[in-house]
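Have a look at coords_3.cif below; it lists mmCIF, N, CA and C atoms and all ligand atoms.
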```
data_input
#
loop_
_atom_site.label_atom_id
_atom_site.label_comp_id
_atom_site.auth_asym_id
_atom_site.auth_seq_id
_atom_site.Cartn_x
_atom_site.Cartn_y
_atom_site.Cartn_z
N MET T 27 -15.26 3.28 -8.01
CA MET T 27 -14.56 4.42 -7.42
C MET T 27 -13.05 4.26 -7.57
N LYS T 28 -12.40 5.37 -7.93
CA LYS T 28 -10.95 5.33 -8.12
C LYS T 28 -10.23 5.15 -6.77
N LYS T 29 -9.20 4.31 -6.81
CA LYS T 29 -8.42 4.09 -5.58
C LYS T 29 -7.15 4.94 -5.63
N ILE T 30 -7.04 5.85 -4.65
CA ILE T 30 -5.89 6.77 -4.60
C ILE T 30 -5.13 6.52 -3.30
N TRP T 31 -3.81 6.50 -3.39
CA TRP T 31 -2.97 6.42 -2.19
C TRP T 31 -2.13 7.68 -2.10
N ILE T 32 -1.90 8.13 -0.86
CA ILE T 32 -0.95 9.22 -0.60
C ILE T 32 0.25 8.62 0.15
N ILE T 33 1.44 8.94 -0.32
CA ILE T 33 2.66 8.43 0.31
C ILE T 33 3.52 9.62 0.75
N ASN T 34 3.82 9.67 2.02
CA ASN T 34 4.67 10.73 2.56
C ASN T 34 6.01 10.16 2.99
N GLY T 35 7.05 10.87 2.64
CA GLY T 35 8.40 10.42 2.95
C GLY T 35 8.93 10.92 4.28
N PRO T 36 10.25 10.92 4.43
CA PRO T 36 10.90 11.17 5.71
C PRO T 36 10.59 12.55 6.30
N ASN T 37 10.46 12.55 7.61
CA ASN T 37 10.26 13.75 8.44
C ASN T 37 8.89 14.38 8.31
N LEU T 38 8.04 13.85 7.44
CA LEU T 38 6.71 14.45 7.32
C LEU T 38 5.85 14.11 8.54
N ASN T 39 6.18 13.01 9.22
CA ASN T 39 5.49 12.69 10.47
C ASN T 39 5.83 13.72 11.56
N PHE T 40 6.81 14.58 11.31
CA PHE T 40 7.21 15.60 12.28
C PHE T 40 6.56 16.96 12.00
N LEU T 41 5.56 16.97 11.13
CA LEU T 41 4.83 18.23 10.91
C LEU T 41 4.25 18.69 12.24
N GLY T 42 4.28 20.02 12.45
CA GLY T 42 3.82 20.57 13.72
C GLY T 42 4.92 20.64 14.76
N ILE T 43 6.05 19.98 14.46
CA ILE T 43 7.23 20.01 15.34
C ILE T 43 8.38 20.67 14.57
N ARG T 44 8.57 20.23 13.32
CA ARG T 44 9.71 20.70 12.52
C ARG T 44 9.43 22.07 11.90
N GLU T 45 10.45 22.88 11.83
CA GLU T 45 10.44 24.16 11.11
C GLU T 45 9.04 24.73 10.84
N LYS T 46 8.39 25.13 11.91
CA LYS T 46 6.98 25.59 11.80
C LYS T 46 6.83 26.82 10.91
N GLY T 47 7.87 27.65 10.84
CA GLY T 47 7.83 28.83 9.98
C GLY T 47 7.71 28.45 8.51
N ILE T 48 8.16 27.24 8.18
CA ILE T 48 8.10 26.77 6.78
C ILE T 48 6.89 25.85 6.58
N TYR T 49 6.71 24.91 7.50
CA TYR T 49 5.69 23.87 7.28
C TYR T 49 4.39 24.10 8.05
N GLY T 50 4.36 25.13 8.91
CA GLY T 50 3.13 25.45 9.62
C GLY T 50 2.99 24.71 10.95
N ASN T 51 1.90 25.00 11.63
CA ASN T 51 1.68 24.48 13.00
C ASN T 51 0.89 23.16 13.03
N ASP T 52 0.22 22.85 11.92
CA ASP T 52 -0.60 21.62 11.92
C ASP T 52 0.27 20.39 12.08
N ASP T 53 -0.16 19.49 12.97
CA ASP T 53 0.63 18.26 13.09
C ASP T 53 0.23 17.25 12.01
N TYR T 54 1.04 16.19 11.89
CA TYR T 54 0.85 15.24 10.79
C TYR T 54 -0.55 14.63 10.80
N GLU T 55 -1.00 14.22 12.01
CA GLU T 55 -2.32 13.57 12.11
C GLU T 55 -3.43 14.51 11.63
N SER T 56 -3.33 15.79 11.99
CA SER T 56 -4.41 16.71 11.60
C SER T 56 -4.39 16.97 10.09
N VAL T 57 -3.21 16.96 9.49
CA VAL T 57 -3.13 17.10 8.02
C VAL T 57 -3.80 15.88 7.36
N CYS T 58 -3.50 14.69 7.89
CA CYS T 58 -4.11 13.46 7.34
C CYS T 58 -5.63 13.50 7.49
N GLU T 59 -6.09 13.94 8.67
CA GLU T 59 -7.55 14.02 8.90
C GLU T 59 -8.21 15.02 7.95
N TYR T 60 -7.53 16.15 7.72
CA TYR T 60 -8.03 17.19 6.81
C TYR T 60 -8.27 16.60 5.41
N ILE T 61 -7.33 15.77 4.96
CA ILE T 61 -7.45 15.16 3.62
C ILE T 61 -8.55 14.08 3.64
N LYS T 62 -8.54 13.27 4.70
CA LYS T 62 -9.47 12.14 4.77
C LYS T 62 -10.92 12.57 4.95
N ARG T 63 -11.11 13.80 5.47
CA ARG T 63 -12.47 14.33 5.58
C ARG T 63 -13.05 14.58 4.18
N GLN T 64 -12.16 14.80 3.21
CA GLN T 64 -12.61 15.16 1.85
C GLN T 64 -12.62 13.98 0.89
N PHE T 65 -11.77 13.01 1.15
CA PHE T 65 -11.65 11.87 0.23
C PHE T 65 -11.53 10.57 1.02
N ASN T 66 -12.00 9.49 0.40
CA ASN T 66 -11.84 8.18 0.99
C ASN T 66 -10.58 7.56 0.40
N LEU T 67 -9.47 7.68 1.09
CA LEU T 67 -8.21 7.16 0.55
C LEU T 67 -7.28 6.72 1.68
N LYS T 68 -6.18 6.07 1.30
CA LYS T 68 -5.20 5.60 2.29
C LYS T 68 -3.98 6.50 2.29
N ILE T 69 -3.46 6.79 3.47
CA ILE T 69 -2.26 7.62 3.57
C ILE T 69 -1.16 6.82 4.28
N PHE T 70 0.01 6.80 3.67
CA PHE T 70 1.17 6.08 4.22
C PHE T 70 2.27 7.08 4.54
N GLN T 71 3.11 6.74 5.50
CA GLN T 71 4.29 7.58 5.76
C GLN T 71 5.45 6.66 6.13
N SER T 72 6.62 6.96 5.59
CA SER T 72 7.81 6.22 6.02
C SER T 72 9.04 7.11 5.97
N ASN T 73 9.93 6.85 6.91
CA ASN T 73 11.22 7.56 6.92
C ASN T 73 12.27 6.78 6.13
N TYR T 74 11.88 5.66 5.52
CA TYR T 74 12.83 4.76 4.86
C TYR T 74 12.57 4.66 3.36
N GLU T 75 13.62 4.82 2.61
CA GLU T 75 13.52 4.78 1.15
C GLU T 75 12.97 3.43 0.65
N GLY T 76 13.53 2.34 1.18
CA GLY T 76 13.11 1.00 0.74
C GLY T 76 11.64 0.74 1.04
N LYS T 77 11.18 1.24 2.18
CA LYS T 77 9.77 1.06 2.56
C LYS T 77 8.86 1.79 1.56
N ILE T 78 9.32 2.94 1.10
CA ILE T 78 8.53 3.69 0.11
C ILE T 78 8.43 2.89 -1.19
N ILE T 79 9.50 2.21 -1.56
CA ILE T 79 9.45 1.33 -2.75
C ILE T 79 8.48 0.18 -2.51
N ASP T 80 8.51 -0.41 -1.32
CA ASP T 80 7.56 -1.50 -1.00
C ASP T 80 6.12 -1.00 -1.15
N ILE T 81 5.85 0.21 -0.69
CA ILE T 81 4.48 0.76 -0.78
C ILE T 81 4.11 0.98 -2.25
N LEU T 82 5.05 1.56 -3.03
CA LEU T 82 4.78 1.78 -4.46
C LEU T 82 4.48 0.44 -5.16
N GLN T 83 5.25 -0.59 -4.83
CA GLN T 83 5.03 -1.89 -5.48
C GLN T 83 3.71 -2.52 -5.02
N SER T 84 3.32 -2.28 -3.77
CA SER T 84 2.01 -2.77 -3.30
C SER T 84 0.90 -2.07 -4.07
N ALA T 85 1.11 -0.78 -4.40
CA ALA T 85 0.10 -0.03 -5.17
C ALA T 85 -0.11 -0.71 -6.52
N TYR T 86 0.97 -1.19 -7.11
CA TYR T 86 0.86 -1.91 -8.40
C TYR T 86 0.01 -3.17 -8.23
N PHE T 87 0.33 -3.99 -7.23
CA PHE T 87 -0.39 -5.25 -7.05
C PHE T 87 -1.84 -5.02 -6.63
N ASP T 88 -2.10 -3.94 -5.92
CA ASP T 88 -3.47 -3.62 -5.48
C ASP T 88 -4.26 -2.85 -6.54
N LYS T 89 -3.62 -2.65 -7.72
CA LYS T 89 -4.28 -1.95 -8.84
C LYS T 89 -4.81 -0.57 -8.44
N ILE T 90 -3.95 0.20 -7.78
CA ILE T 90 -4.30 1.56 -7.36
C ILE T 90 -4.32 2.45 -8.61
N ASP T 91 -5.28 3.38 -8.66
CA ASP T 91 -5.46 4.21 -9.86
C ASP T 91 -4.59 5.46 -9.90
N GLY T 92 -4.20 5.95 -8.75
CA GLY T 92 -3.39 7.17 -8.73
C GLY T 92 -2.65 7.31 -7.42
N ILE T 93 -1.49 7.94 -7.48
CA ILE T 93 -0.67 8.12 -6.28
C ILE T 93 -0.28 9.58 -6.13
N VAL T 94 -0.37 10.07 -4.90
CA VAL T 94 0.17 11.37 -4.55
C VAL T 94 1.38 11.09 -3.68
N ILE T 95 2.52 11.65 -4.03
CA ILE T 95 3.72 11.38 -3.24
C ILE T 95 4.41 12.68 -2.85
N ASN T 96 4.75 12.77 -1.56
CA ASN T 96 5.65 13.82 -1.10
C ASN T 96 6.89 13.08 -0.60
N PRO T 97 7.92 13.00 -1.44
CA PRO T 97 9.08 12.18 -1.06
C PRO T 97 10.01 12.86 -0.06
N GLY T 98 9.62 14.05 0.47
CA GLY T 98 10.50 14.76 1.41
C GLY T 98 11.84 15.02 0.74
N ALA T 99 12.91 14.94 1.50
CA ALA T 99 14.23 15.23 0.94
C ALA T 99 14.67 14.20 -0.11
N PHE T 100 14.06 13.02 -0.13
CA PHE T 100 14.39 12.04 -1.20
C PHE T 100 14.12 12.63 -2.59
N THR T 101 13.20 13.60 -2.63
CA THR T 101 12.89 14.30 -3.88
C THR T 101 14.16 14.71 -4.63
N HIS T 102 15.13 15.16 -3.86
CA HIS T 102 16.26 15.86 -4.45
C HIS T 102 17.40 14.94 -4.89
N TYR T 103 17.32 13.65 -4.53
CA TYR T 103 18.43 12.77 -4.93
C TYR T 103 18.07 11.30 -5.11
N SER T 104 16.82 10.92 -4.91
CA SER T 104 16.53 9.48 -4.93
C SER T 104 16.14 8.95 -6.31
N TYR T 105 17.14 8.41 -7.02
CA TYR T 105 16.83 7.74 -8.29
C TYR T 105 16.10 6.43 -8.03
N VAL T 106 16.22 5.94 -6.80
CA VAL T 106 15.48 4.73 -6.41
C VAL T 106 13.97 5.01 -6.48
N ILE T 107 13.57 6.16 -5.95
CA ILE T 107 12.14 6.49 -5.98
C ILE T 107 11.71 6.87 -7.40
N PHE T 108 12.57 7.55 -8.15
CA PHE T 108 12.26 7.82 -9.57
C PHE T 108 11.96 6.50 -10.28
N ASP T 109 12.87 5.52 -10.14
CA ASP T 109 12.67 4.22 -10.79
C ASP T 109 11.41 3.52 -10.27
N GLY T 110 11.18 3.65 -8.97
CA GLY T 110 10.01 3.00 -8.36
C GLY T 110 8.71 3.53 -8.95
N ILE T 111 8.64 4.85 -9.13
CA ILE T 111 7.42 5.45 -9.69
C ILE T 111 7.27 5.02 -11.15
N LYS T 112 8.38 5.07 -11.91
CA LYS T 112 8.36 4.67 -13.32
C LYS T 112 7.91 3.22 -13.47
N SER T 113 8.38 2.36 -12.55
CA SER T 113 8.14 0.91 -12.66
C SER T 113 6.68 0.54 -12.62
N ILE T 114 5.89 1.26 -11.81
CA ILE T 114 4.53 0.80 -11.54
C ILE T 114 3.50 1.32 -12.54
N GLN T 115 3.88 2.32 -13.35
CA GLN T 115 2.98 2.85 -14.39
C GLN T 115 1.62 3.27 -13.85
N ILE T 116 1.64 3.94 -12.71
CA ILE T 116 0.41 4.50 -12.12
C ILE T 116 0.59 6.02 -12.12
N PRO T 117 -0.41 6.79 -12.63
CA PRO T 117 -0.27 8.25 -12.61
C PRO T 117 0.04 8.75 -11.19
N THR T 118 1.11 9.51 -11.10
CA THR T 118 1.59 9.95 -9.79
C THR T 118 1.80 11.47 -9.81
N VAL T 119 1.33 12.12 -8.75
CA VAL T 119 1.51 13.57 -8.62
C VAL T 119 2.43 13.82 -7.43
N GLU T 120 3.46 14.64 -7.66
CA GLU T 120 4.39 14.99 -6.58
C GLU T 120 3.89 16.25 -5.87
N VAL T 121 3.90 16.21 -4.55
CA VAL T 121 3.44 17.36 -3.76
C VAL T 121 4.53 17.79 -2.78
N HIS T 122 4.67 19.11 -2.63
CA HIS T 122 5.51 19.68 -1.57
C HIS T 122 4.72 20.74 -0.85
N LEU T 123 4.74 20.69 0.46
CA LEU T 123 4.03 21.69 1.26
C LEU T 123 4.63 23.07 1.02
N SER T 124 5.95 23.13 0.99
CA SER T 124 6.65 24.42 0.84
C SER T 124 6.94 24.69 -0.63
N ASN T 125 7.33 25.94 -0.90
CA ASN T 125 7.75 26.27 -2.27
C ASN T 125 9.24 25.95 -2.39
N ILE T 126 9.52 24.77 -2.93
CA ILE T 126 10.93 24.29 -3.00
C ILE T 126 11.77 25.17 -3.92
N TYR T 127 11.14 25.99 -4.76
CA TYR T 127 11.89 26.85 -5.68
C TYR T 127 12.31 28.17 -5.04
N LYS T 128 11.82 28.41 -3.82
CA LYS T 128 12.20 29.64 -3.12
C LYS T 128 13.00 29.33 -1.87
N ARG T 129 13.67 28.19 -1.85
CA ARG T 129 14.44 27.81 -0.67
C ARG T 129 15.90 27.54 -1.09
N GLU T 130 16.59 26.66 -0.37
CA GLU T 130 17.99 26.38 -0.70
C GLU T 130 18.10 25.82 -2.13
N ASP T 131 19.25 26.05 -2.75
CA ASP T 131 19.45 25.60 -4.13
C ASP T 131 19.21 24.09 -4.29
N PHE T 132 19.64 23.30 -3.30
CA PHE T 132 19.51 21.84 -3.47
C PHE T 132 18.05 21.40 -3.60
N ARG T 133 17.14 22.23 -3.07
CA ARG T 133 15.71 21.85 -3.14
C ARG T 133 15.08 22.16 -4.50
N LYS T 134 15.80 22.96 -5.29
CA LYS T 134 15.23 23.37 -6.59
C LYS T 134 15.26 22.23 -7.59
N ILE T 135 16.04 21.20 -7.26
CA ILE T 135 16.11 20.04 -8.16
C ILE T 135 15.25 18.92 -7.62
N SER T 136 14.34 18.43 -8.47
CA SER T 136 13.59 17.23 -8.12
C SER T 136 13.95 16.16 -9.13
N VAL T 137 14.54 15.08 -8.65
CA VAL T 137 14.85 13.96 -9.55
C VAL T 137 13.65 13.03 -9.70
N THR T 138 12.65 13.22 -8.83
CA THR T 138 11.48 12.33 -8.88
C THR T 138 10.35 12.91 -9.75
N ALA T 139 10.30 14.25 -9.86
CA ALA T 139 9.20 14.88 -10.62
C ALA T 139 9.11 14.40 -12.08
N PRO T 140 10.24 14.15 -12.77
CA PRO T 140 10.11 13.69 -14.16
C PRO T 140 9.37 12.33 -14.30
N ALA T 141 9.23 11.61 -13.19
CA ALA T 141 8.47 10.35 -13.24
C ALA T 141 6.98 10.59 -12.98
N CYS T 142 6.64 11.84 -12.67
CA CYS T 142 5.26 12.17 -12.26
C CYS T 142 4.53 12.93 -13.36
N ILE T 143 3.21 12.95 -13.28
CA ILE T 143 2.43 13.69 -14.29
C ILE T 143 2.31 15.17 -13.94
N ALA T 144 2.56 15.52 -12.68
CA ALA T 144 2.48 16.92 -12.26
C ALA T 144 3.22 17.09 -10.95
N GLN T 145 3.56 18.35 -10.68
CA GLN T 145 4.20 18.67 -9.40
C GLN T 145 3.45 19.88 -8.81
N ILE T 146 3.06 19.77 -7.55
CA ILE T 146 2.34 20.86 -6.88
C ILE T 146 3.17 21.24 -5.66
N TYR T 147 3.43 22.53 -5.47
CA TYR T 147 4.29 22.96 -4.37
C TYR T 147 3.81 24.31 -3.81
N GLY T 148 4.16 24.52 -2.56
CA GLY T 148 3.92 25.84 -1.95
C GLY T 148 2.47 26.09 -1.56
N LYS T 149 1.65 25.08 -1.53
CA LYS T 149 0.23 25.28 -1.19
C LYS T 149 -0.15 24.62 0.13
N GLY T 150 0.85 24.22 0.90
CA GLY T 150 0.57 23.57 2.18
C GLY T 150 -0.26 22.31 1.99
N LYS T 151 -1.12 22.03 2.99
CA LYS T 151 -1.92 20.80 2.94
C LYS T 151 -2.90 20.78 1.78
N ASP T 152 -3.29 21.98 1.28
CA ASP T 152 -4.21 22.02 0.13
C ASP T 152 -3.56 21.50 -1.15
N GLY T 153 -2.24 21.43 -1.16
CA GLY T 153 -1.55 20.83 -2.30
C GLY T 153 -1.95 19.36 -2.49
N TYR T 154 -2.16 18.66 -1.35
CA TYR T 154 -2.58 17.25 -1.43
C TYR T 154 -3.99 17.17 -2.03
N VAL T 155 -4.84 18.09 -1.59
CA VAL T 155 -6.24 18.10 -2.06
C VAL T 155 -6.25 18.33 -3.58
N GLU T 156 -5.48 19.32 -4.01
CA GLU T 156 -5.40 19.62 -5.44
C GLU T 156 -4.86 18.41 -6.23
N ALA T 157 -3.89 17.73 -5.68
CA ALA T 157 -3.29 16.57 -6.35
C ALA T 157 -4.31 15.44 -6.50
N VAL T 158 -5.07 15.20 -5.43
CA VAL T 158 -6.07 14.12 -5.49
C VAL T 158 -7.13 14.47 -6.54
N LYS T 159 -7.58 15.74 -6.53
CA LYS T 159 -8.60 16.17 -7.51
C LYS T 159 -8.09 15.95 -8.93
N LEU T 160 -6.83 16.30 -9.15
CA LEU T 160 -6.23 16.13 -10.48
C LEU T 160 -6.28 14.66 -10.92
N LEU T 161 -5.97 13.76 -9.99
CA LEU T 161 -5.98 12.32 -10.32
C LEU T 161 -7.40 11.81 -10.54
N LEU T 162 -8.35 12.36 -9.79
CA LEU T 162 -9.74 11.91 -9.93
C LEU T 162 -10.34 12.37 -11.26
N GLU T 163 -9.88 13.54 -11.74
CA GLU T 163 -10.37 14.08 -13.01
C GLU T 163 -9.83 13.29 -14.20
N LYS T 164 -8.70 12.65 -14.02
CA LYS T 164 -8.00 12.01 -15.14
C LYS T 164 -8.81 10.89 -15.78
C1 LIG M 201 9.17 18.97 1.36
C2 LIG M 201 10.33 19.78 0.79
C3 LIG M 201 11.62 19.00 0.89
O1 LIG M 201 12.70 19.77 0.36
C4 LIG M 201 11.94 18.66 2.33
O2 LIG M 201 13.10 17.87 2.41
C5 LIG M 201 10.80 18.01 3.03
C6 LIG M 201 9.44 18.51 2.78
C7 LIG M 201 7.85 19.79 1.38
O3 LIG M 201 6.81 19.17 1.55
O4 LIG M 201 7.88 21.01 1.25
O5 LIG M 201 10.98 17.14 3.86
O6 LIG M 201 8.96 17.84 0.54
#
```

What do you get writing this file as structure tokens?
Amino acid sequence: MKKIWIINGPNLNFLGIREKGIYGNDDYESVCEYIKRQFNLKIFQSNYEGKIIDILQSAYFDKIDGIVINPGAFTHYSYVIFDGIKSIQIPTVEVHLSNIYKREDFRKISVTAPACIAQIYGKGKDGYVEAVKLLLEK
């Protein structure tokens, strides 16, 4: 069985509290449960850039087959996470709950997506499901 990890970046633990008009009413735990009901996988969350790199590097040592990452706002400026994804050579899909192309200009740029095999956005929690399916098909 393929081993898939989901990594969520800063402020995603605040789902259900933050900007509900954009991210919806579901809280973080219920989004995780929704995904885990469908797949047997591990979900990580951190508000710290370095911690996300530690998780990516653990994925390498644990021989993980695919990664789904929502880097939160790090998406828009973190070359550290770009390098981290490139370093581990594990197929990675970037997910955003919201449609980042229909929001502020700064969100239209993803510096991390070029390190990924695909980017899924604007589909809410189902974006994670689609991303996992894509990695399982590979
Ligand atoms: C987000 C979009 C980012 O621009 C934002 O900083 C987030 C969440 C999303 O899932 O839509 O924290 O990644």

Could you make a table, as JSON lines, of the residues of chain T that have an atom within 6 Å of an atom of ligand LIG 201 (chain M), each with its nearest atom pair and distance in Å to one decimal, counting only C-alpha atoms and all ligand atoms, in chain and number order?
```
{"residue": "T:Asn37", "atom": "CA", "partner": "M:LIG201", "partner_atom": "O5", "distance": 5.7}
{"residue": "T:Asn96", "atom": "CA", "partner": "M:LIG201", "partner_atom": "O6", "distance": 5.5}
{"residue": "T:Pro97", "atom": "CA", "partner": "M:LIG201", "partner_atom": "O6", "distance": 5.9}
{"residue": "T:Gly98", "atom": "CA", "partner": "M:LIG201", "partner_atom": "O5", "distance": 3.4}
{"residue": "T:Ala99", "atom": "CA", "partner": "M:LIG201", "partner_atom": "O2", "distance": 3.2}
{"residue": "T:His122", "atom": "CA", "partner": "M:LIG201", "partner_atom": "O3", "distance": 3.4}
{"residue": "T:Leu123", "atom": "CA", "partner": "M:LIG201", "partner_atom": "O3", "distance": 3.8}
{"residue": "T:Ser124", "atom": "CA", "partner": "M:LIG201", "partner_atom": "O4", "distance": 3.6}
{"residue": "T:Ile126", "atom": "CA", "partner": "M:LIG201", "partner_atom": "O1", "distance": 5.9}
{"residue": "T:Arg133", "atom": "CA", "partner": "M:LIG201", "partner_atom": "O1", "distance": 5.1}
```

### Secondary structure check, helix (DSSP H, G or I) residues of chain T, as a ChimeraX atom specification
/T:38-40,46-49,54-62,75-87,98-102,105-114,126-128,131-134,139-141,152-163

### Task
Find the residues near T:Tyr103: any atom within 8 Å, counting all atoms listed in the file, skip ones fewer than 2 places away on the same chain, and give them as a ChimeraX atom specification.
/T:98-101,105-108,132,135-138

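For the set T:Asn125, T:Ile143, T:Lys134, T:Ile111, the residue with the smallest atom-to-atom gap to T:Tyr49 is T:Asn125, counting only C-alpha atoms.
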
### Task
Apply DSSP to the structure's backbone, then extract all residues of chain T labelled strand (DSSP E) and return them as a ChimeraX atom specification.
/T:30-34,68-71,92-96,118-122,144-147

### Query
From the set T:Leu161, T:Phe40, T:Ile69, T:Asp152, which residue has the shortest atom-to-atom contact distance to T:Asp53, counting only N, CA and C atoms?
T:Phe40

### Message
What's the separation between atom N of T:Ile32 and atom N of T:Gln71, in Å to one decimal place?
### Response
8.2 Å

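Comparing the minimum interatomic distances between T:Ser72 and each of T:Asn34, T:Ser56, T:Ser84, T:Asn51, counting all atoms listed in the file, we find that T:Asn34 sits nearest.
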
#### Entry: Spatial neighbours of T:Lys28, 8 Å, all atoms listed in the file, chain gap at least 5 places, as an MDAnalysis selection string
chainID T and resid 66:67 90:92 161:162

### Query
What separation in Å, quoted to one decimal, exists between atom CA of T:Gly110 and atom C of T:Gly76?
9.8 Å

### Query
What is the distance between atom CA of T:Glu156 and atom CA of T:Ser113, in Å to one decimal?
24.2 Å

### Query
Taking only C-alpha atoms into account, which of T:Asn39, T:Gln64, T:Gln83, T:Gln145 comes nearest T:Lys112?
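Looking at the shortest contact to T:Lys112, the residue is T:Gln83.
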
### Summary
Min atom-atom distance to T:Val155 from the set T:Ile79, T:Ile43, T:Ile61, T:Val119, counting only C-alpha atoms, belongs to T:Ile61

Could you give me stretch 38-45 of chain T completed to all heavy atoms, formatted as an mmCIF file, in the frame of the given file?
```cif
data_model
loop_
_atom_site.group_PDB
_atom_site.id
_atom_site.type_symbol
_atom_site.label_atom_id
_atom_site.label_comp_id
_atom_site.auth_asym_id
_atom_site.auth_seq_id
_atom_site.Cartn_x
_atom_site.Cartn_y
_atom_site.Cartn_z
ATOM 1 N N LEU T 38 8.040 13.850 7.440
ATOM 2 C CA LEU T 38 6.710 14.450 7.320
ATOM 3 C C LEU T 38 5.850 14.110 8.540
ATOM 4 O O LEU T 38 4.945 14.858 8.900
ATOM 5 C CB LEU T 38 6.059 14.087 5.995
ATOM 6 C CG LEU T 38 6.753 14.897 4.877
ATOM 7 C CD1 LEU T 38 6.637 14.230 3.539
ATOM 8 C CD2 LEU T 38 6.244 16.324 4.819
ATOM 9 N N ASN T 39 6.180 13.010 9.220
ATOM 10 C CA ASN T 39 5.490 12.690 10.470
ATOM 11 C C ASN T 39 5.830 13.720 11.560
ATOM 12 O O ASN T 39 5.184 13.741 12.598
ATOM 13 C CB ASN T 39 5.853 11.278 10.952
ATOM 14 C CG ASN T 39 7.342 11.086 11.130
ATOM 15 O OD1 ASN T 39 8.141 11.546 10.309
ATOM 16 N ND2 ASN T 39 7.762 10.409 12.183
ATOM 17 N N PHE T 40 6.810 14.580 11.310
ATOM 18 C CA PHE T 40 7.210 15.600 12.280
ATOM 19 C C PHE T 40 6.560 16.960 12.000
ATOM 20 O O PHE T 40 6.976 17.973 12.562
ATOM 21 C CB PHE T 40 8.742 15.711 12.327
ATOM 22 C CG PHE T 40 9.315 15.140 13.601
ATOM 23 C CD1 PHE T 40 8.909 13.898 14.057
ATOM 24 C CD2 PHE T 40 10.245 15.853 14.352
ATOM 25 C CE1 PHE T 40 9.414 13.370 15.240
ATOM 26 C CE2 PHE T 40 10.751 15.344 15.534
ATOM 27 C CZ PHE T 40 10.338 14.105 15.993
ATOM 28 N N LEU T 41 5.560 16.970 11.130
ATOM 29 C CA LEU T 41 4.830 18.230 10.910
ATOM 30 C C LEU T 41 4.250 18.690 12.240
ATOM 31 O O LEU T 41 3.801 17.879 13.062
ATOM 32 C CB LEU T 41 3.695 18.026 9.891
ATOM 33 C CG LEU T 41 4.125 17.787 8.445
ATOM 34 C CD1 LEU T 41 2.905 17.573 7.569
ATOM 35 C CD2 LEU T 41 4.976 18.938 7.917
ATOM 36 N N GLY T 42 4.280 20.020 12.450
ATOM 37 C CA GLY T 42 3.820 20.570 13.720
ATOM 38 C C GLY T 42 4.920 20.640 14.760
ATOM 39 O O GLY T 42 4.767 21.279 15.795
ATOM 40 N N ILE T 43 6.050 19.980 14.460
ATOM 41 C CA ILE T 43 7.230 20.010 15.340
ATOM 42 C C ILE T 43 8.380 20.670 14.570
ATOM 43 O O ILE T 43 9.041 21.556 15.058
ATOM 44 C CB ILE T 43 7.646 18.577 15.766
ATOM 45 C CG1 ILE T 43 6.501 17.857 16.479
ATOM 46 C CG2 ILE T 43 8.916 18.622 16.626
ATOM 47 C CD1 ILE T 43 6.737 16.362 16.709
ATOM 48 N N ARG T 44 8.570 20.230 13.320
ATOM 49 C CA ARG T 44 9.710 20.700 12.520
ATOM 50 C C ARG T 44 9.430 22.070 11.900
ATOM 51 O O ARG T 44 8.298 22.331 11.483
ATOM 52 C CB ARG T 44 10.046 19.665 11.422
ATOM 53 C CG ARG T 44 9.014 19.603 10.320
ATOM 54 C CD ARG T 44 9.279 18.539 9.271
ATOM 55 N NE ARG T 44 10.451 18.784 8.468
ATOM 56 C CZ ARG T 44 10.598 18.338 7.210
ATOM 57 N NH1 ARG T 44 9.629 17.635 6.631
ATOM 58 N NH2 ARG T 44 11.698 18.576 6.551
ATOM 59 N N GLU T 45 10.450 22.880 11.830
ATOM 60 C CA GLU T 45 10.440 24.160 11.110
ATOM 61 C C GLU T 45 9.040 24.730 10.840
ATOM 62 O O GLU T 45 8.613 24.843 9.688
ATOM 63 C CB GLU T 45 11.215 23.986 9.798
ATOM 64 C CG GLU T 45 12.647 23.551 10.015
ATOM 65 C CD GLU T 45 13.370 23.334 8.699
ATOM 66 O OE1 GLU T 45 13.206 22.228 8.121
ATOM 67 O OE2 GLU T 45 14.067 24.236 8.248
#
```
